[in-house]
Amino acid sequence: MSFSLPDLPYAHDALAGAGMSKETMEFHHCLHHKAYVDNGNKLIAGTEWEGRAVEDIVTGTYQPGAVAQNGIFNNASQHWNHCQFWNMMGPGQSAVPPELQSRINDSFGNCNEFKSQFIAAGVGQFGAGWCWLVEEADGTLKVTKTENGVNPLCFGQNALLGCDVWEHSYYIDFRNKRPAYLENFLDQLVNWENVASRLKS
């Protein structure tokens, strides 16, 4: 199974009114994500990873504790990350479903505290990376951050929500204002129904 660039679940300009421009989406999806797909396919060709599921490649090539990961991992993980990212967003504001709201309240006290922790994680990730809302094996929810393309699969966590804080994700629309980008992401862009659908327990 080779990597392939998925179609977006909405038009490239569908999020423009919510703070993510058509230009950003075209650069991010058609250039950056496509580069991970193309490079990943070249790197896995003829290796033990060719034909394997992307999740298996991510977990199988991750090097715990290593600052720099290998090329196969970097491209496979970023391909997986972006496939999730596009579906975690959607046009039109959505409300947090009751089940997810209850789980957030149990783990963080309230939704505002969750959002505060999520934004702080994204702002606090030095350089490139991601911030996440994850579900642990015991069902608790936690906010985490990861460097570069590292993602929750590497730690046996279930990714409910992830936000790309690489500069290419926000610089066209928000310049260097990462906190504003993250706040807008949570308030305007998240498809909370999709997030809730990822709950396992």
# chains A, B, ... in the order shown; residues from 1 in each chain; ligands from 1
>>> select_by_dssp(residues="range 18-125 of chain A", states="helix (DSSP H, G or I)", output="MDAnalysis selection string")
chainID A and resid 18 22:44 54:61 71:88 98:108 111:124
>>> select_by_dssp(residues="range 39-178 of chain A", states="strand (DSSP E or B)", output="list in words")
Met89, Gly129, Trp130, Cys131, Trp132, Leu133, Val134, Glu135, Leu141, Lys142, Val143, Thr144, Lys145, Thr146, Glu147, Asn158, Ala159, Leu160, Leu161, Gly162, Cys163 and Asp164 of chain A
>>> atom_distance(atom1="CA of Ser169 in chain A", atom2="CA of Phe185 in chain A")
10.9 Å
>>> atom_distance(atom1="CA of Glu147 in chain A", atom2="CA of Asn39 in chain A")
19.6 Å
>>> closest_residue(among="A:Pro9, A:Gly71, A:Gly60, A:Gly17", to="Leu43 in chain A", atoms="only C-alpha atoms")
A:Gly71
>>> closest_residue(among="A:Gly122, A:Val150, A:Gln93, A:Ser201", to="Ala18 in chain A", atoms="only C-alpha atoms")
A:Gln93
